[in-house]
Structure formats: structure tokens, C-alpha cells
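Visitor: The structure file final39.cif (mmCIF, C-alpha atoms) is provided below.
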```cif
data_start
loop_
_atom_site.label_atom_id
_atom_site.label_comp_id
_atom_site.auth_asym_id
_atom_site.auth_seq_id
_atom_site.Cartn_x
_atom_site.Cartn_y
_atom_site.Cartn_z
CA MET A 177 49.27 66.19 -22.24
CA ILE A 178 51.34 64.69 -25.01
CA ASN A 179 50.52 61.30 -23.67
CA THR A 180 46.82 61.98 -23.75
CA THR A 181 47.01 63.23 -27.28
CA LYS A 182 48.90 60.14 -28.23
CA ASN A 183 46.25 57.96 -26.69
CA PHE A 184 43.63 59.99 -28.39
CA VAL A 185 45.22 59.53 -31.76
CA LYS A 186 45.86 55.89 -31.06
CA LEU A 187 42.27 55.29 -30.14
CA LYS A 188 41.14 57.15 -33.19
CA THR A 189 43.28 55.22 -35.59
CA PHE A 190 42.47 52.14 -33.69
CA LYS A 191 39.60 51.09 -35.51
CA VAL A 192 37.03 53.39 -34.97
CA PHE A 193 36.04 50.72 -37.36
CA ASN A 194 36.20 47.56 -35.53
CA PHE A 195 34.77 49.04 -32.36
CA ARG A 196 31.59 47.14 -32.73
CA ASN A 197 33.14 43.74 -32.88
CA VAL A 198 35.66 44.48 -30.21
CA TYR A 199 33.06 45.57 -27.72
CA ARG A 200 30.56 42.97 -28.75
CA SER A 201 32.96 40.44 -27.34
CA CYS A 202 31.45 41.42 -24.00
CA SER A 203 34.48 41.82 -21.83
CA THR A 204 35.79 45.25 -21.14
CA GLU A 205 39.23 43.86 -21.32
CA ALA A 206 38.77 43.68 -25.04
CA SER A 207 42.13 44.75 -26.21
CA LEU A 208 42.39 48.39 -27.05
CA ASN A 209 45.65 47.96 -28.90
CA ASN A 210 44.13 45.72 -31.46
CA THR A 211 45.83 44.95 -34.75
CA ASN A 212 45.01 47.13 -37.70
CA GLU A 213 43.35 44.53 -39.83
CA GLU A 214 40.71 46.85 -41.14
CA GLU A 215 43.02 49.79 -41.60
CA ASN A 216 42.42 49.79 -45.30
CA ALA A 217 38.67 49.79 -45.07
CA THR A 218 37.22 51.79 -47.89
CA GLN A 219 35.88 55.25 -47.37
CA GLU A 220 32.39 54.04 -48.17
CA GLY A 221 32.50 51.19 -45.74
CA PHE A 222 33.74 53.56 -43.11
CA LYS A 223 30.87 55.93 -43.60
CA LYS A 224 28.38 53.14 -43.51
CA SER A 225 29.72 51.66 -40.29
CA PHE A 226 29.92 55.09 -38.75
CA ALA A 227 26.21 55.63 -39.20
CA GLU A 228 25.54 52.76 -36.82
CA TYR A 229 27.49 54.32 -33.99
CA ARG A 230 24.68 56.66 -33.09
CA HIS A 231 22.91 53.65 -31.62
CA ILE A 232 26.00 52.14 -30.04
CA TYR A 233 27.37 55.35 -28.54
CA PRO A 234 24.34 57.64 -28.26
CA GLU A 235 26.13 59.91 -25.78
CA PHE A 236 28.53 61.10 -28.47
CA LEU A 237 25.73 62.94 -30.21
CA PRO A 238 25.10 66.40 -28.75
CA ASP A 239 21.99 67.36 -26.83
CA PRO A 240 19.12 68.07 -29.22
CA GLU A 241 17.98 70.89 -26.94
CA VAL A 242 19.22 74.05 -28.68
CA LYS A 243 19.55 75.95 -25.40
CA LEU A 244 22.08 73.44 -24.15
CA ARG A 245 24.27 73.45 -27.24
CA ASN A 246 27.78 74.82 -27.15
CA VAL A 247 30.12 73.70 -29.86
CA ILE A 248 33.34 74.23 -27.94
CA ARG A 249 32.09 72.46 -24.85
CA GLU A 250 30.86 69.57 -26.94
CA LYS A 251 34.21 69.27 -28.63
CA LEU A 252 36.10 69.31 -25.33
CA GLU A 253 33.69 66.78 -23.87
CA ARG A 254 34.13 64.44 -26.80
CA LYS A 255 37.86 64.66 -26.33
CA ASP A 256 37.54 63.82 -22.64
CA MET A 257 35.22 60.96 -23.41
CA ILE A 258 37.65 59.44 -25.85
CA ALA A 259 40.49 59.94 -23.38
CA ARG A 260 38.45 58.08 -20.78
CA ARG A 261 37.59 55.34 -23.22
CA SER A 262 41.28 54.83 -23.87
CA GLN A 263 41.68 54.01 -20.17
CA ILE A 264 38.69 51.71 -19.71
CA ALA A 265 36.65 50.04 -22.39
CA ILE A 266 32.99 50.98 -22.13
CA PRO A 267 31.16 48.30 -24.08
CA GLU A 268 28.14 48.59 -26.30
CA PHE A 269 24.94 48.05 -24.34
CA TYR A 270 21.28 48.91 -24.53
CA VAL A 271 18.32 49.31 -22.25
CA GLY A 272 17.48 45.72 -21.36
CA SER A 273 21.07 44.46 -21.36
CA ILE A 274 22.48 42.92 -18.20
CA LEU A 275 25.62 44.62 -16.96
CA SER A 276 28.08 44.23 -14.16
CA VAL A 277 29.80 47.38 -12.97
CA THR A 278 32.82 47.37 -10.69
CA THR A 279 33.62 50.59 -8.85
CA SER A 280 36.24 51.43 -6.32
CA ASP A 281 34.52 52.09 -3.04
CA PRO A 282 35.77 54.91 -0.78
CA HIS A 283 33.64 53.57 2.08
CA SER A 284 35.52 50.30 2.33
CA PRO A 285 39.10 51.27 1.50
CA GLY A 286 41.08 48.99 -0.74
CA LYS A 287 38.00 47.15 -1.89
CA SER A 288 35.87 47.36 -4.96
CA GLU A 289 32.14 46.98 -5.23
CA THR A 290 30.42 45.03 -8.02
CA PHE A 291 26.78 45.40 -8.90
CA VAL A 292 24.98 43.27 -11.46
CA GLY A 293 21.65 44.30 -12.89
CA ILE A 294 19.51 45.03 -15.88
CA CYS A 295 19.87 48.46 -17.48
CA ILE A 296 16.46 50.09 -17.15
CA LYS A 297 17.29 53.57 -18.34
CA ARG A 298 19.97 55.41 -20.28
CA GLU A 299 20.10 59.17 -20.44
CA GLY A 300 22.31 62.20 -20.82
CA CYS A 301 24.65 63.43 -23.51
CA GLY A 302 28.39 63.84 -23.42
CA LEU A 303 30.14 63.39 -20.12
CA ARG A 304 26.81 63.46 -18.32
CA ALA A 305 25.75 60.10 -19.74
CA LYS A 306 24.16 57.94 -17.07
CA PHE A 307 22.48 54.61 -16.76
CA ILE A 308 20.46 52.86 -14.07
CA LEU A 309 20.92 49.21 -13.14
CA ARG A 310 18.25 47.27 -11.31
CA ASN A 311 18.33 43.96 -9.52
CA VAL A 312 16.47 42.19 -6.76
CA ILE A 313 18.78 41.04 -3.96
CA ASP A 314 17.41 39.22 -0.91
CA HIS A 315 13.83 39.95 -2.10
CA GLU A 316 14.55 43.67 -2.10
CA GLY A 317 14.55 45.69 -5.31
CA ILE A 318 17.69 47.80 -5.63
CA GLU A 319 18.59 50.36 -8.26
CA VAL A 320 21.93 52.06 -8.72
CA LEU A 321 22.58 55.04 -10.95
CA TYR A 322 26.02 55.14 -12.56
CA GLU A 323 27.65 57.93 -14.49
CA MET A 324 29.26 56.38 -17.52
CA TYR A 325 32.43 58.47 -17.44
CA ASP A 326 32.85 58.31 -13.69
CA PRO A 327 36.59 57.83 -13.01
CA THR A 328 35.89 55.51 -10.05
CA ILE A 329 34.41 52.90 -12.36
CA GLN A 330 36.99 50.17 -12.81
CA LYS A 331 35.19 47.86 -15.15
CA ILE A 332 31.95 47.60 -17.07
CA LYS A 333 31.05 44.18 -18.36
CA VAL A 334 28.08 43.21 -20.48
CA LEU A 335 26.79 39.85 -19.29
CA ARG A 336 23.92 39.58 -21.73
CA LEU A 337 23.63 41.90 -24.71
CA GLU A 338 20.01 42.32 -25.73
CA LYS A 339 17.28 44.87 -26.22
CA ARG A 340 13.74 44.92 -24.94
CA LEU A 341 10.55 46.15 -26.57
CA ASP A 342 10.55 49.52 -24.77
CA ASP A 343 12.97 52.43 -24.56
CA GLU A 344 12.78 52.55 -20.77
CA LEU A 345 12.11 49.69 -18.40
CA LEU A 346 11.08 51.76 -15.40
CA TYR A 347 7.94 49.64 -15.16
CA LEU A 348 10.07 46.85 -13.75
CA ARG A 349 9.68 48.69 -10.44
CA ASP A 350 6.04 47.66 -10.48
CA ALA A 351 6.52 44.27 -12.10
CA LEU A 352 6.74 41.00 -10.22
CA PRO A 353 10.21 40.61 -8.68
CA GLU A 354 11.18 37.60 -10.78
CA TYR A 355 11.40 39.85 -13.85
CA SER A 356 14.21 41.89 -12.36
CA THR A 357 16.06 39.15 -10.48
CA PHE A 358 19.47 38.29 -11.88
CA ASP A 359 22.19 36.10 -10.49
CA PRO A 360 25.12 38.28 -9.39
CA ASN A 361 27.55 35.51 -10.36
CA MET A 362 26.19 35.28 -13.88
CA GLU A 363 28.56 34.18 -16.64
CA PRO A 364 28.80 36.46 -19.70
CA GLU A 365 26.88 35.12 -22.67
CA LEU A 366 28.78 35.46 -25.91
CA LEU A 367 27.19 36.48 -29.16
CA VAL A 368 28.36 35.58 -32.64
CA GLU A 369 30.44 38.39 -34.10
CA GLY A 370 28.55 40.60 -36.47
CA ALA A 371 25.16 39.21 -35.46
CA PRO A 372 22.43 41.77 -34.84
CA VAL A 373 21.58 42.55 -31.23
CA PRO A 374 18.75 40.19 -30.21
CA VAL A 375 15.48 41.74 -29.06
CA ASN A 376 13.96 40.00 -26.07
CA SER A 377 10.19 40.09 -26.54
CA LEU A 378 9.48 39.14 -22.93
CA LYS A 379 6.22 40.56 -21.60
CA VAL A 380 6.29 41.23 -17.89
CA LYS A 381 3.38 41.02 -15.51
CA LEU A 382 2.70 44.06 -13.37
CA LYS A 383 1.71 43.93 -9.74
CA PRO A 384 -1.70 45.39 -8.88
CA ARG A 385 -1.87 49.13 -8.30
CA PRO A 386 -0.64 51.40 -6.61
CA TRP A 387 2.25 52.00 -9.02
CA VAL A 388 4.97 54.59 -9.27
CA ASP A 389 3.54 55.80 -12.57
CA ARG A 390 0.40 55.41 -14.68
CA TRP A 391 1.66 52.61 -16.89
CA GLU A 392 -1.68 52.16 -18.66
CA ARG A 393 -1.11 55.52 -20.35
CA LYS A 394 2.39 54.82 -21.63
CA ASN A 395 1.54 52.43 -24.44
CA LEU A 396 4.06 49.86 -23.21
CA GLN A 397 4.95 46.95 -25.46
CA GLY A 398 6.76 44.79 -22.93
CA VAL A 399 3.87 44.44 -20.48
CA GLN A 400 1.18 41.78 -20.35
CA ASP A 401 -2.36 43.08 -20.65
CA ILE A 402 -3.07 45.25 -17.63
CA ASP A 403 -6.13 44.43 -15.59
CA LEU A 404 -7.73 47.75 -14.65
CA PRO A 405 -11.29 49.03 -14.29
CA GLU A 406 -12.86 50.71 -17.33
CA ARG A 407 -12.49 54.25 -15.98
CA PHE A 408 -8.69 54.08 -16.20
CA TRP A 409 -8.83 53.27 -19.90
CA VAL A 410 -11.35 56.06 -20.51
CA LYS A 411 -9.00 58.50 -18.82
CA ALA A 412 -6.02 57.13 -20.72
CA ALA A 413 -7.82 57.58 -24.03
CA LYS A 414 -8.71 61.14 -23.07
CA VAL A 415 -5.14 62.21 -22.36
CA ALA A 416 -3.54 60.19 -25.17
CA THR A 417 -1.74 62.14 -27.91
CA PRO A 418 -1.76 59.75 -30.86
CA TRP A 419 -1.05 62.55 -33.34
CA GLU A 420 2.37 63.23 -31.86
CA LYS A 421 4.08 60.57 -33.89
CA TYR A 422 3.15 62.53 -37.01
CA ASP A 423 4.48 65.80 -35.61
CA LEU A 424 7.57 66.21 -37.75
CA MET A 425 8.65 69.40 -36.02
CA LYS A 426 8.61 67.68 -32.66
CA ILE A 427 10.68 64.80 -33.96
CA TYR A 428 13.09 67.27 -35.55
CA LYS A 429 13.53 69.11 -32.28
CA LYS A 430 14.02 65.92 -30.29
CA THR A 431 16.74 64.45 -32.49
CA ILE A 432 19.96 65.51 -34.14
CA PRO A 433 19.25 65.83 -37.86
CA ALA A 434 21.00 63.47 -40.23
CA GLU A 435 22.91 66.27 -41.98
CA GLU A 436 24.40 67.39 -38.72
CA GLN A 437 25.34 63.82 -37.83
CA ARG A 438 27.12 63.55 -41.14
CA LYS A 439 29.01 66.70 -40.30
CA TYR A 440 30.33 65.06 -37.13
CA THR A 441 31.24 62.00 -39.12
CA MET A 442 33.25 64.06 -41.55
CA LYS A 443 34.99 65.85 -38.71
CA SER A 444 35.96 62.66 -36.94
CA ASN A 445 37.01 61.21 -40.24
CA HIS A 446 39.30 64.13 -40.73
CA ASN A 447 40.74 63.70 -37.25
CA CYS A 448 41.41 60.06 -37.93
CA LYS A 449 43.43 60.78 -40.97
CA SER A 450 45.55 63.48 -39.43
CA MET B 28 2.44 76.11 -7.49
CA ASN B 29 0.41 79.22 -6.85
CA ILE B 30 -1.61 81.30 -9.26
CA ALA B 31 1.02 84.04 -9.55
CA SER B 32 3.70 81.64 -10.66
CA LEU B 33 1.30 80.06 -13.14
CA ARG B 34 0.72 83.44 -14.70
CA HIS B 35 4.42 83.93 -14.75
CA ILE B 36 4.92 80.90 -16.94
CA GLY B 37 2.09 81.94 -19.21
CA LEU B 38 -0.60 79.50 -18.20
CA SER B 39 -3.97 80.43 -16.88
CA SER B 40 -4.83 78.56 -13.72
CA GLN B 41 -7.85 77.07 -15.47
CA GLN B 42 -5.69 75.55 -18.19
CA TYR B 43 -3.24 74.18 -15.72
CA ILE B 44 -5.86 72.63 -13.48
CA SER B 45 -7.80 71.07 -16.31
CA LYS B 46 -4.65 69.54 -17.69
CA CYS B 47 -2.99 67.93 -14.72
CA TYR B 48 -5.40 67.54 -11.83
CA PHE B 49 -2.61 68.24 -9.33
CA HIS B 50 -1.54 64.65 -9.02
CA GLN B 51 1.03 64.69 -11.76
CA THR B 52 4.26 64.24 -9.81
CA ALA B 53 5.21 60.94 -8.35
CA SER B 54 5.66 61.14 -4.64
CA LEU B 55 9.08 62.30 -3.58
CA GLY B 56 9.29 59.44 -1.17
CA GLU B 57 10.54 61.67 1.62
CA ILE B 58 10.69 60.39 5.16
CA ARG B 59 8.87 62.96 7.26
CA LYS B 60 6.69 62.67 10.30
CA MET B 61 3.87 60.14 9.79
CA ALA B 62 5.77 58.23 7.09
CA ARG B 63 5.41 54.46 7.32
CA LEU B 64 8.63 52.44 7.32
CA ARG B 65 9.63 48.82 7.07
CA VAL B 66 11.64 47.08 9.77
CA VAL B 67 14.32 44.89 8.19
CA ASP B 68 16.03 43.41 11.25
CA ASN B 69 14.93 40.38 13.24
CA SER B 70 14.06 42.19 16.48
CA GLU B 71 11.01 40.71 18.22
CA ILE B 72 8.97 43.90 18.23
CA GLY B 73 9.81 44.71 14.63
CA LYS B 74 8.91 41.26 13.40
CA ARG B 75 5.58 41.30 15.22
CA ALA B 76 4.70 44.78 13.99
CA MET B 77 5.40 43.86 10.37
CA ALA B 78 3.56 40.54 10.67
CA GLU B 79 0.46 42.27 12.03
CA GLY B 80 0.49 44.74 9.15
CA LYS B 81 1.14 47.69 11.43
CA PRO B 82 4.47 49.03 10.23
CA PRO B 83 6.19 51.66 12.36
CA LYS B 84 5.35 55.29 11.82
CA CYS B 85 8.01 57.99 11.86
CA ILE B 86 7.21 60.54 14.54
CA HIS B 87 10.44 62.51 14.54
CA VAL B 88 13.54 62.90 12.37
CA TYR B 89 16.72 63.82 14.22
CA ASN B 90 18.17 66.33 11.80
CA LYS B 91 17.67 69.98 11.00
CA THR B 92 15.63 69.66 7.84
CA GLY B 93 12.91 67.33 9.09
CA VAL B 94 13.39 65.12 6.04
CA GLY B 95 15.07 61.80 6.70
CA LYS B 96 18.00 60.94 4.45
CA ILE B 97 20.01 57.76 4.35
CA GLY B 98 21.69 57.07 7.70
CA ASP B 99 19.51 59.48 9.66
CA VAL B 100 18.16 58.57 13.06
CA VAL B 101 14.38 58.65 13.43
CA LEU B 102 11.97 58.13 16.28
CA VAL B 103 9.18 55.72 15.40
CA ALA B 104 5.92 54.67 16.94
CA ILE B 105 5.81 50.88 16.84
CA LYS B 106 3.21 48.74 18.59
CA GLY B 107 2.37 51.53 21.00
CA GLU B 108 5.99 52.15 21.94
CA LYS B 109 8.53 54.77 21.01
CA LYS B 110 11.73 53.37 19.52
CA LYS B 111 14.65 54.85 17.68
CA GLY B 112 15.81 53.57 14.35
CA ILE B 113 18.27 54.23 11.56
CA LEU B 114 17.17 54.61 7.94
CA VAL B 115 19.18 52.09 5.95
CA GLY B 116 17.59 52.30 2.53
CA LEU B 117 15.25 54.76 0.89
CA LYS B 118 12.83 54.87 -2.01
CA GLN B 119 13.82 58.44 -2.75
CA LYS B 120 16.13 59.34 -5.61
CA GLN B 121 19.75 58.95 -4.52
CA ASN B 122 23.12 60.26 -5.63
CA PRO B 123 25.09 58.29 -8.22
CA LYS B 124 26.37 54.94 -6.92
CA VAL B 125 24.14 55.05 -3.83
CA PRO B 126 21.51 52.32 -4.08
CA LYS B 127 17.84 53.26 -4.22
CA TYR B 128 15.51 50.69 -2.67
CA ASP B 129 11.93 49.68 -3.36
CA CYS B 130 10.97 50.14 0.31
CA ASN B 131 11.94 52.54 3.07
CA ASN B 132 14.00 50.34 5.35
CA LEU B 133 14.60 50.85 9.03
CA VAL B 134 16.74 49.14 11.65
CA LEU B 135 15.63 49.58 15.24
CA ILE B 136 18.24 50.63 17.81
CA ASP B 137 18.18 51.61 21.45
CA ASP B 138 19.47 54.85 22.95
CA ASN B 139 23.10 53.67 22.92
CA GLY B 140 22.93 52.76 19.26
CA THR B 141 22.86 49.02 19.87
CA PRO B 142 20.54 47.26 17.38
CA LEU B 143 17.55 45.45 18.90
CA GLY B 144 17.88 42.59 16.45
CA THR B 145 20.83 40.33 15.63
CA ARG B 146 20.61 40.22 11.83
CA ILE B 147 19.58 42.48 8.95
CA HIS B 148 18.04 40.52 6.11
CA VAL B 149 18.41 43.01 3.25
CA PRO B 150 21.59 44.48 1.69
CA ILE B 151 22.93 47.65 3.29
CA PRO B 152 24.48 50.51 1.32
CA THR B 153 28.22 50.79 1.88
CA ILE B 154 27.94 54.56 2.19
CA LEU B 155 26.47 53.92 5.67
CA ARG B 156 29.95 52.96 6.84
CA THR B 157 31.05 56.55 6.35
CA ILE B 158 27.81 58.22 7.39
CA LEU B 159 27.42 56.30 10.63
CA LYS B 160 31.07 56.78 11.50
CA GLU B 161 30.66 60.51 11.09
CA LYS B 162 27.50 60.50 13.19
CA THR B 163 29.09 58.66 16.05
CA GLN B 164 30.68 60.96 18.59
CA ASN B 165 32.78 60.28 21.65
CA LYS B 166 30.66 59.41 24.70
CA GLY B 167 27.55 59.50 22.52
CA ALA B 168 25.62 56.64 20.96
CA ASP B 169 27.73 54.28 18.82
CA TYR B 170 25.76 53.84 15.61
CA THR B 171 28.43 51.77 13.89
CA LYS B 172 27.29 48.69 15.82
CA LEU B 173 24.61 48.35 13.17
CA LEU B 174 27.23 47.54 10.53
CA GLY B 175 28.26 44.47 12.50
CA ILE B 176 24.90 42.74 12.06
CA ALA B 177 24.52 43.49 8.34
CA SER B 178 24.46 40.38 6.18
CA ARG B 179 25.40 41.97 2.86
CA PHE B 180 26.59 45.29 1.48
CA VAL B 181 25.68 46.85 -1.86
#
```
What do you get writing this file as C-alpha cells?

Guide:
Amino acid sequence: MINTTKNFVKLKTFKVFNFRNVYRSCSTEASLNNTNEEENATQEGFKKSFAEYRHIYPEFLPDPEVKLRNVIREKLERKDMIARRSQIAIPEFYVGSILSVTTSDPHSPGKSETFVGICIKREGCGLRAKFILRNVIDHEGIEVLYEMYDPTIQKIKVLRLEKRLDDELLYLRDALPEYSTFDPNMEPELLVEGAPVPVNSLKVKLKPRPWVDRWERKNLQGVQDIDLPERFWVKAAKVATPWEKYDLMKIYKKTIPAEEQRKYTMKSNHNCKS
Amino acid sequence: MNIASLRHIGLSSQQYISKCYFHQTASLGEIRKMARLRVVDNSEIGKRAMAEGKPPKCIHVYNKTGVGKIGDVVLVAIKGEKKKGILVGLKQKQNPKVPKYDCNNLVLIDDNGTPLGTRIHVPIPTILRTILKEKTQNKGADYTKLLGIASRFV
């Protein structure tokens, strides 16, 4: 217990502040016991950098669904997450990034299993954070769902850090296989420190229908123009809800308000100091 | 969803029907009777069936639920014959760390569990090692022979 607390404190003091650069360096072996070069970062700078973390570590924000909120559980979960992150470095990644995940495999004792693929979806808050990797191996599309705080995960490595035009890439299931084929022996591509995360504006080509979903209705940015008969577009226009982006209440309910985020920042800030 | 349950959730049936046309959910991708599968080994009969565009059809699932899960044994109708096979990869949603495939993959076996082919040309989930070992009983069919002809594990 004492040990965990120590780790916890260590991780906290450890540059909550340099997180970004540390993890940007792609390897999970990025040293956790880094030197305290930015220890004397100003309060202002700290606050500013902290605001960015909601994109880097979205699972640290609580569930926007009010029914699922529980302050004590959230606090305990955050503690567990940080304890886990002191054991294994979980790097910054986004939907569209290419990852390699190494897990210990109970089905082949003594061995570990590595899967490389593009992250097509990220979901869940707290300890329930999950992501899906997709790759095409031997002409067969394969997807694996990983839980981010799964203790059997030995290593998560970002091979290419980038974003795509959409929030979810589930349409890759219906795209031509070359768009989700990645070499399992890929070398990690390094980014310049402090550079913004590049956005890959690749537009994929979908296979002809049938699809797993009605992609023509999803207003996808990362898809080449879809060739469909007129009636599909008529239907899509009929069920479209273009006013939703102006529905402030809906947006409020779907996100954690800025004031509340600031509250968390202050709390963590306090923890850091103590 | 029946009318009573619709009322229960505060929707009139009219509203519900006009909104979603009853085709809203993606298919569950379950392997039941009549489901078409894809043979992924190099057995003669399997290769011919796939080349002719007549993939095998599941006509029985050997478990108690009637829904085929990964590693289950199924009976298939293939080119006018009845053969047994093992499901080695499914489209359906899987547990964490178990791969989900884009096709429903099948490896044909005979009654003793010996595969009809000599090679499997897609990756096989490692969880099959455990599942098939558990399924194999003394003096029964030995399903683990399938693992020997797999080319790659995921």
C-alpha cells in the first residue's frame, strides 16, 4: 500500500507536465523516472498544459452520463489508473494512430502475443477505457478489442502517431483491404518534440454494398465520394438531423463542462503539491 | 420488440415503426442453421465449393444453445455432402483480446477430428488452443489436430 502511494506521488510529481513529450517519443519504455527539469514550471503554464490533457487522456474525464456518475468511484478509479500507469507507460494515441500491443497469452504459456493495427475506435471512461485495433493479415481483416488498463498488457507502442478526419474509423471494415493493411514489423516513426499531431487526410474507397452500416448517412469526411443510387441519398436526407450541431443542451449533456474540468485540474494540482 | 414493450418505454408503435423500419440493428452475425460459412483450409472439397461460389451451409451446431461460438463444431452441407467443421473465426463481436474476423471461417474435419486439408491459410486465434483442448475428451475425437496445420496465430 505504501509502495503504491509512493508510486502515485512519484508519478504525480513526475511531470504531470512533461507527459506529452515523454509519451510522444513513441516508445512505452519512455522513462517514468525522468529528471525534474520542468519542476519549476509556472502555475499558469501548468494550467495551460493541463487543459490539453483532455485530448491526450480522454479516459480520465468522467462519464458525461449523469446516471453513471459516482464521485467516490471515479476518484478510486483515477487512483487505480495512475497506479497502473506507473507500472506501464500508456502512450498518447488517437483514432487513426497505428499501435502495437503486446499481451501475455494464457493460451500459449510463457509466450506473449503482439498485434499491430490501426486504432479504429476509442471508448469508455475510467478503467473501462477500450480501443479496437484493425489489421489485414493474410488477406483476412482482423480486429482486436483491448482494454487499456488490462493487467495482461505488457507493452503498448505507438508506431505512427496521427489522426484521421473522422472520430471513428469503423468504415474501414467496408473499405478496400489496402486501407487497413499494415506491416506487423513496422518501425516506429518519430515525431519532432512539441510538434502538433499530424492529421492524415487520406480518403478511403469503400467496397460496393452490402455494408455493415449505412455509411452514406454518417457524413464521413475520410471517404471518397460514395457511388449509390439516388434513392439512398433521398433517404439519407430524410433522416438527417442537421440541426443537432446547434443543440447546445445536447452538447452540454454529451460533454463534461469546462468548469467541472477546471475543478478536476485544481484537485490534481492540489494533490501534486502535497 | 412487441407492442407491449413499446408502450412500456413510452413510444406508440406507429412512432416506432415510422422511425426505424425494423432494419436498424446490424446483423448479430450469429452462426445458426442455414448460415453460410467460408472454408479456409486447402481441402479438395472445400476449395472446389468456394471456387464455385457455393459456400458450405451450416445445418447443425453441436452445442446446447444452437448458436455457434468460436471453436464450436458444426455440421455443414457442402457440395451435396455432410461434413463436420470447426469454427475458427467469427464476424460476431468477441470478448476483449479475442480477434474478430471479417468472415465466418471454417475448417473441415472428419469424425475423428482430423482436418481434411493440410494447411490453413488465415491466422487462427490462440484461444482455440484452450478451447479445443477442453473439447477433446479421452477416446473421443481429437480436435487439437487442427492446431498442427495452422500457419499463423493471432

Visitor: Report as JSON lines the residues of range 63-170 of chain B within 12 Å of range 344-360 of chain A, each with its shortest atom pair and distance in Å (one decimal), using only C-alpha atoms, ordered by chain and increasing residue number.

Guide:
```
{"residue": "B:Lys118", "atom": "CA", "partner": "A:Arg349", "partner_atom": "CA", "distance": 10.9}
{"residue": "B:Lys127", "atom": "CA", "partner": "A:Arg349", "partner_atom": "CA", "distance": 11.2}
{"residue": "B:Tyr128", "atom": "CA", "partner": "A:Arg349", "partner_atom": "CA", "distance": 9.9}
{"residue": "B:Asp129", "atom": "CA", "partner": "A:Arg349", "partner_atom": "CA", "distance": 7.5}
{"residue": "B:Cys130", "atom": "CA", "partner": "A:Arg349", "partner_atom": "CA", "distance": 10.9}
```

Visitor: Which one of B:Ile97, B:Val67, B:Ile136, B:Met77 sits closest to Lys109 in chain B if you count all atoms listed in the file?

Guide: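 Using all atoms listed in the file, Lys109 in chain B sits closest to B:Ile136.
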
Visitor: Please return, as a list in words, all residues of chain A lying within 7 Å of chain B when only C-alpha atoms are considered.

Guide: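 The complete set of qualifying residues is His283, Asp314, Glu316, Gly317, Ile318, Glu319, Val320, Leu321, Tyr322, Glu323, Val388 and Asp389 of chain A.
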
Visitor: Check what the PyMOL selection byres ((chain B and resi 134) around 9) selects in the file above and give those residues as a PyMOL selection string.

Guide: chain B and resi 65-68+70+73+111-115+132-133+135-136+142-144+147+173

Visitor: Could you tell me which residues the PyMOL selection byres ((chain A and resi 379) around 8) grabs in this file, written as a PDB file with C-alpha atoms, in the frame of the given file?

Guide:
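selection06.pdb, freshly written:
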```pdb
ATOM      1  CA  SER A 377      10.190  40.090 -26.540  1.00  0.00           C
ATOM      2  CA  LEU A 378       9.480  39.140 -22.930  1.00  0.00           C
ATOM      3  CA  VAL A 380       6.290  41.230 -17.890  1.00  0.00           C
ATOM      4  CA  LYS A 381       3.380  41.020 -15.510  1.00  0.00           C
ATOM      5  CA  GLN A 397       4.950  46.950 -25.460  1.00  0.00           C
ATOM      6  CA  GLY A 398       6.760  44.790 -22.930  1.00  0.00           C
ATOM      7  CA  VAL A 399       3.870  44.440 -20.480  1.00  0.00           C
ATOM      8  CA  GLN A 400       1.180  41.780 -20.350  1.00  0.00           C
TER       9      GLN A 400
END
```

Visitor: What does the distance between CA of Pro285 in chain A and CA of Leu174 in chain B come to in Å, to one decimal place?

Guide: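 Taking CA of Pro285 in chain A and CA of Leu174 in chain B, their separation equals 15.4 Å.
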
Visitor: Using CA of Arg63 in chain B and CA of Lys84 in chain B as the two end points, give the distance in Å to one decimal.

Guide: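 One can read the CA of Arg63 in chain B to CA of Lys84 in chain B distance as 4.6 Å.
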
Visitor: Can you sort out range 128-132 of chain B so it carries all heavy atoms, written as a PDB file, keeping the file's coordinate frame?

Guide:
```pdb
ATOM      1  N   TYR B 128      16.228  51.919  -2.993  1.00  0.00           N
ATOM      2  CA  TYR B 128      15.510  50.690  -2.670  1.00  0.00           C
ATOM      3  C   TYR B 128      14.043  50.809  -3.077  1.00  0.00           C
ATOM      4  O   TYR B 128      13.548  51.901  -3.346  1.00  0.00           O
ATOM      5  CB  TYR B 128      15.608  50.407  -1.167  1.00  0.00           C
ATOM      6  CG  TYR B 128      16.981  49.959  -0.737  1.00  0.00           C
ATOM      7  CD1 TYR B 128      18.031  50.858  -0.701  1.00  0.00           C
ATOM      8  CD2 TYR B 128      17.231  48.646  -0.393  1.00  0.00           C
ATOM      9  CE1 TYR B 128      19.299  50.460  -0.328  1.00  0.00           C
ATOM     10  CE2 TYR B 128      18.491  48.233  -0.010  1.00  0.00           C
ATOM     11  CZ  TYR B 128      19.518  49.139   0.014  1.00  0.00           C
ATOM     12  OH  TYR B 128      20.761  48.745   0.374  1.00  0.00           O
ATOM     13  N   ASP B 129      13.362  49.667  -3.069  1.00  0.00           N
ATOM     14  CA  ASP B 129      11.930  49.680  -3.360  1.00  0.00           C
ATOM     15  C   ASP B 129      11.098  49.947  -2.120  1.00  0.00           C
ATOM     16  O   ASP B 129       9.900  50.197  -2.215  1.00  0.00           O
ATOM     17  CB  ASP B 129      11.520  48.337  -3.981  1.00  0.00           C
ATOM     18  CG  ASP B 129      11.855  48.276  -5.458  1.00  0.00           C
ATOM     19  OD1 ASP B 129      12.445  49.251  -5.956  1.00  0.00           O
ATOM     20  OD2 ASP B 129      11.526  47.271  -6.099  1.00  0.00           O
ATOM     21  N   CYS B 130      11.692  49.848  -0.922  1.00  0.00           N
ATOM     22  CA  CYS B 130      10.970  50.140   0.310  1.00  0.00           C
ATOM     23  C   CYS B 130      11.831  51.072   1.146  1.00  0.00           C
ATOM     24  O   CYS B 130      13.030  51.173   0.941  1.00  0.00           O
ATOM     25  CB  CYS B 130      10.737  48.891   1.158  1.00  0.00           C
ATOM     26  SG  CYS B 130       9.980  47.560   0.297  1.00  0.00           S
ATOM     27  N   ASN B 131      11.197  51.728   2.111  1.00  0.00           N
ATOM     28  CA  ASN B 131      11.940  52.540   3.070  1.00  0.00           C
ATOM     29  C   ASN B 131      12.306  51.660   4.254  1.00  0.00           C
ATOM     30  O   ASN B 131      11.437  51.273   5.030  1.00  0.00           O
ATOM     31  CB  ASN B 131      11.094  53.728   3.513  1.00  0.00           C
ATOM     32  CG  ASN B 131      10.918  54.716   2.400  1.00  0.00           C
ATOM     33  OD1 ASN B 131      11.865  55.046   1.708  1.00  0.00           O
ATOM     34  ND2 ASN B 131       9.708  55.179   2.214  1.00  0.00           N
ATOM     35  N   ASN B 132      13.572  51.337   4.369  1.00  0.00           N
ATOM     36  CA  ASN B 132      14.000  50.340   5.350  1.00  0.00           C
ATOM     37  C   ASN B 132      14.527  50.989   6.613  1.00  0.00           C
ATOM     38  O   ASN B 132      15.160  52.041   6.573  1.00  0.00           O
ATOM     39  CB  ASN B 132      15.093  49.450   4.749  1.00  0.00           C
ATOM     40  CG  ASN B 132      14.566  48.626   3.608  1.00  0.00           C
ATOM     41  OD1 ASN B 132      13.361  48.407   3.508  1.00  0.00           O
ATOM     42  ND2 ASN B 132      15.442  48.195   2.734  1.00  0.00           N
TER      43      ASN B 132
END
```
